[in-house]
Amino acid sequence: MVFDRDVARFSVGVIGNVIALILFLSPLPTFIRIWKNKSVEQFSPIPYIATLVNCGLWVLYGLPWVQPHSILVVTINGTGLGIEIVYLTLFLLYSDRKQRTKVFFIVLGEIVFVAILSVCVLTFVHGNKRRAAIVGSICMVGNILMYAAPLSVMKLVIKTKSVEYMPFFLSLFSFLNGVSWTAYALIRFDAYILAPNSMGTVLGLAQLLLYATYYKSTNRQIAEREAKGEVVMAEKSVSGRVAQKPRNDSRV
C-alpha cells in the first residue's frame with residue numbers, strides 16, 4: 001500500500017480542525033459562569049486576546065493568494081475568530097471600566113494590524129512564496145503568543161496553589177491541538193506551522209502537569225471557602241433571630 005502524503009495530511013488536518021474547534025469551545029463553561037455571575041472575577045482576557053489575533057493571521061496565511069491548498073487552516077481559524085469575538089464581547093460586558101477600556105483598545109489595535117498587513121501583503125508583495133514567508137513568520141509569533149498566553153495564569157496557579165482559574169479542558173485541548181498540528185506540519189514540512197505548535201505541545205503539557213499537581217489543593221481550598229461561607233451564614237441567621245427577639249418590658 002502506497003503512503004499518500006496528501007491524503008494523510010488532509011486526514012490529520014481534519015482531526016486538527018475537530019480538536020481545535022473543541023479547544024475554541026472549551027472555555028464555554030468559564031463564560032457561562034461569567035454570564036451567570038455578571039463578573040469576570042479573576043479570569044484573564046489574555047488567552048482570548050492572543051487567540052483572536054492568531055486566528056486572524058492564520059486566516060490570512062491560508063488564503064489561496066498566500067499559501068495555496070490550505071483550506072483547512074482557513075476553515076478552523078475563521079471559526080475560531082468568530083468564537084473569540086463572542087468571548088471577548090462577554091468579557092467587555094462584565095469587566096470593570098478600567099479593564100474594559102484596556103481590552104477594547106488592544107482588540108481594536110489587533111484588528112487594525114491584521115487589516116493593514118492583509119492590504120500590504122496582497123497589494124505590494126508578489127508571489128505566493130514571498131507572501132507565505134512574510135505572513136507565516138508573523139503567524140509564528142502570533143501562535144507562540146497564543147500558546148504562551150496562559151503563562152500568566154500558570155503563574156497565578158503556582159502562587160495560589162489553585163487551578164480554579166485555569167480551565168482544565170482549555171489546557172487539555174491546547175496540548176492535543178499542538179500535537180495534531182505538529183503532525184500536520186511534519187507530513188508535508190511547513191516550518192511556520194511546526195515551530196509554534198511544537199512549542200504549544202510543550203506548554204500544554206506543562207499546564208496539565210500543573211493541574212495534576214494542584215488539583216487536590218484546589219478542592220481543599222474550595223471546600224474550606226464553602227465551609228467558611230456556611231458558618232458566616234449561620235452566624236448571620238443567629239444574629240438576625242436574636243435581634244428580632246422581642247424584649248420583655250417590666251413595668252412597676
# chains A, B, ... in the order shown; residues from 1 in each chain; ligands from 1
>>> residues_around(residues="Trp65 in chain A", least_positions_apart="5", cutoff="12 Å", atoms="only C-alpha atoms", output="PyMOL selection string")
chain A and resi 59-60+70-71+118+121-123+125-132+135
>>> closest_atom_pairs(of="range 99-152 of chain A", to="range 38-50 of chain A", cutoff="7 Å", atoms="only C-alpha atoms", output="JSON lines")
{"residue": "A:Val107", "atom": "CA", "partner": "A:Ile49", "partner_atom": "CA", "distance": 6.7}
{"residue": "A:Leu145", "atom": "CA", "partner": "A:Ala50", "partner_atom": "CA", "distance": 6.1}
{"residue": "A:Met146", "atom": "CA", "partner": "A:Ala50", "partner_atom": "CA", "distance": 4.8}
{"residue": "A:Ala149", "atom": "CA", "partner": "A:Pro47", "partner_atom": "CA", "distance": 4.9}
{"residue": "A:Pro150", "atom": "CA", "partner": "A:Pro47", "partner_atom": "CA", "distance": 6.1}
>>> write_last_selection(atoms="N, CA and C atoms", output="tab-separated table (two decimals), in the first residue's frame")
chain	number	residue	atom	x	y	z
A	107	VAL	N	-7.85	45.00	21.40
A	107	VAL	CA	-8.56	44.30	20.32
A	107	VAL	C	-8.64	45.17	19.07
A	145	LEU	N	2.48	33.47	20.87
A	145	LEU	CA	1.81	34.31	21.87
A	145	LEU	C	0.54	33.65	22.39
A	146	MET	N	-0.20	32.98	21.48
A	146	MET	CA	-1.42	32.30	21.90
A	146	MET	C	-1.11	31.18	22.88
A	149	ALA	N	0.22	32.65	26.19
A	149	ALA	CA	-0.71	33.50	26.95
A	149	ALA	C	-1.08	32.92	28.32
A	150	PRO	N	-1.30	31.59	28.44
A	150	PRO	CA	-1.65	31.05	29.76
A	150	PRO	C	-0.52	31.09	30.78
>>> atom_distance(atom1="CA of Glu226 in chain A", atom2="CA of Pro167 in chain A")
20.0 Å
>>> select_by_dssp(residues="range 38-242 of chain A", states="helix (DSSP H, G or I)", output="MDAnalysis selection string")
chainID A and resid 46:62 71:94 97:124 128:148 151:160 168:187 191:242
>>> atom_distance(atom1="CA of Thr79 in chain A", atom2="CA of Asp4 in chain A")
28.1 Å
>>> atom_distance(atom1="CA of Leu25 in chain A", atom2="CA of Tyr215 in chain A")
22.1 Å
>>> residues_around(residues="Ala206 in chain A", least_positions_apart="5", cutoff="12 Å", atoms="only C-alpha atoms", output="PyMOL selection string")
chain A and resi 147-148+150-151+154-155+157-158+171-172+174-175+199-201+211-213
>>> write_last_selection(atoms="C-alpha atoms", output="short mmCIF file (atom, residue, chain, number, x, y, z; two decimals), in the first residue's frame")
data_model
loop_
_atom_site.label_atom_id
_atom_site.label_comp_id
_atom_site.auth_asym_id
_atom_site.auth_seq_id
_atom_site.Cartn_x
_atom_site.Cartn_y
_atom_site.Cartn_z
CA TYR A 147 0.26 29.28 23.44
CA ALA A 148 2.31 31.44 25.84
CA PRO A 150 -1.65 31.05 29.76
CA LEU A 151 1.78 31.62 31.34
CA MET A 154 0.19 29.41 35.32
CA LYS A 155 2.00 31.97 37.50
CA VAL A 157 -1.71 28.80 39.83
CA ILE A 158 1.76 28.40 41.34
CA SER A 171 -5.24 23.11 28.90
CA LEU A 172 -6.03 19.60 27.64
CA SER A 174 -4.24 23.16 23.88
CA PHE A 175 -1.95 20.16 24.27
CA MET A 199 6.13 24.79 21.44
CA GLY A 200 2.39 24.68 22.15
CA THR A 201 2.63 20.95 22.80
CA TYR A 211 -3.27 20.82 37.03
CA ALA A 212 -2.30 17.36 38.33
CA THR A 213 -0.04 18.95 40.96
#
>>> residues_around(residues="Leu186 in chain A", least_positions_apart="3", cutoff="12 Å", atoms="only C-alpha atoms", output="MDAnalysis selection string")
chainID A and resid 5:6 8:9 12:13 179:183 189:195 197:198
>>> decode(residues="range 22-39 of chain A", atoms="C-alpha atoms", output="compact mmCIF listing (two decimals), in the first residue's frame")
# COMPACT_ATOMS: atom_id res chain seq x y z
CA ILE A 22 -13.11 21.76 20.83
CA LEU A 23 -10.21 23.93 22.03
CA PHE A 24 -12.03 27.09 20.98
CA LEU A 25 -15.23 25.88 22.69
CA SER A 26 -13.52 24.58 25.85
CA PRO A 27 -13.74 27.94 27.72
CA LEU A 28 -17.54 27.88 27.29
CA PRO A 29 -18.18 26.80 30.93
CA THR A 30 -15.98 29.71 32.05
CA PHE A 31 -18.03 32.22 30.06
CA ILE A 32 -21.32 30.70 31.22
CA ARG A 33 -20.04 31.27 34.78
CA ILE A 34 -19.08 34.87 33.87
CA TRP A 35 -22.52 35.45 32.33
CA LYS A 36 -24.35 33.99 35.36
CA ASN A 37 -22.25 35.88 37.92
CA LYS A 38 -22.15 39.08 35.81
CA SER A 39 -18.43 39.30 36.65
